[in-house]
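In what follows, a single structure is set out as structure tokens and then discussed.
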Amino acid sequence: MKISLTAFSFLLLCFVSCKEKQEDKKFISIVSLIKKQVAHVDTSLYPIMKIMVKDSLNSDTVYIPREEFASVAKDFLNIPDLSDQKIARRFKEEPPRYDELLNRVIISYTPINPDKEETKKQEMLVTPNPSGDKVNNIIVVREISNRDSFLQKKMLWQLDKYFQVITTSQKKGQPEQTTIMKVSWNEDKN
């Protein structure tokens with residue numbers, strides 16, 4: 001009886017470890033790409049310009065110091081990191097698709113249970129190249145909704161050039177407000 005119990009325990013252990021390995025997801029960490037961009041800008045000499053537009057009426061343009069760049073990019077730095085297996089298990093990768101017009105491969109990650117996640121989509125647009133593919137754009141959509149308010153952030157990061165966050169919010173009984181923040185540092189180049 002002792003041998004069969006040991007054999008059963010061994011088989012159970014093998015089954016559990018095999019199941020865990022099957023559940024591991026190998027997603028690209030968009031947060032890591034953004035952190036590299038932030039580190040690059042932090043050590044560069046680029047002038048960093050921030051443009052704020054509120055409800056398409058008021059516009060404000062300011063230059064920001066490099067030391068503040070990471071705090072301005074916090075919306076991107078706070079997205080779920082899909083390289084963490086605990087987080088990755090809550091998301092799925094859509095089948096990659098190729099857009100001929102853009103000459104880009106689109107890789108999308110969406111939540112398995114959208115009602116339980118604020119981040120509704122993380123997407124990368126990649127230029128295929130035999131010598132090495134290049135991520136060009138990162139798109140993230142976040143939504144927070146409850147009885148009294150709605151908040152949506154549509155975020156675009158154009159690698160090595162700029163990022164933009166369009167925030168739409170509405171509180172109960174009040175009109176919808178839209179704010180666009182664009183931060184550029186190398187937009188004039190290539």
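Residues are referred to by chain and number: the chain letter is A, B, ... according to the order shown in the structure tokens, the number counts from 1 in that chain, and ligands are numbered separately from 1 in the order shown.
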
**Within 9 Å of range 124-132 of chain A using only C-alpha atoms, minus same-chain residues under 6 positions, as an NGL selection string** = :A and (30 or 102-109 or 138-140)

**Message:** Excluding range 50-65 of chain A and its own-chain neighbours fewer than 4 positions away, which residues fall within 12 Å of it when counting only C-alpha atoms? Please give them as an NGL selection string.
**Reply:** :A and (41-46 or 69-73 or 162-169 or 175-185)

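Nearest residue to Gln158 in chain A, choosing from A:Ala88, A:Val135, A:Val141, A:Leu77 and counting only C-alpha atoms: A:Val135.
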
**Complete:** With distances taken over only C-alpha atoms, the candidate from A:Lys36, A:Arg97, A:Lys121, A:Lys172 nearest Ser145 in chain A is A:Lys172

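The space between CA of Pro114 in chain A and CA of Leu159 in chain A spans 27.1 Å.
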
**Request:** Fewer than 2 positions away in the same chain doesn't count, so skip those; otherwise give me all residues within 6 Å of Pro111 in chain A, counting only C-alpha atoms, as a ChimeraX atom specification.
**Result:** /A:90-91,113-114

Give me a file of those residues, with C-alpha atoms, as a JSON list (two decimals), in the first residue's frame.
[["chain", "number", "residue", "atom", "x", "y", "z"],
["A", 90, "ARG", "CA", -6.39, 37.08, -16.46],
["A", 91, "PHE", "CA", -5.69, 38.03, -20.12],
["A", 113, "ASN", "CA", -13.34, 38.74, -17.89],
["A", 114, "PRO", "CA", -13.67, 42.35, -19.19]]
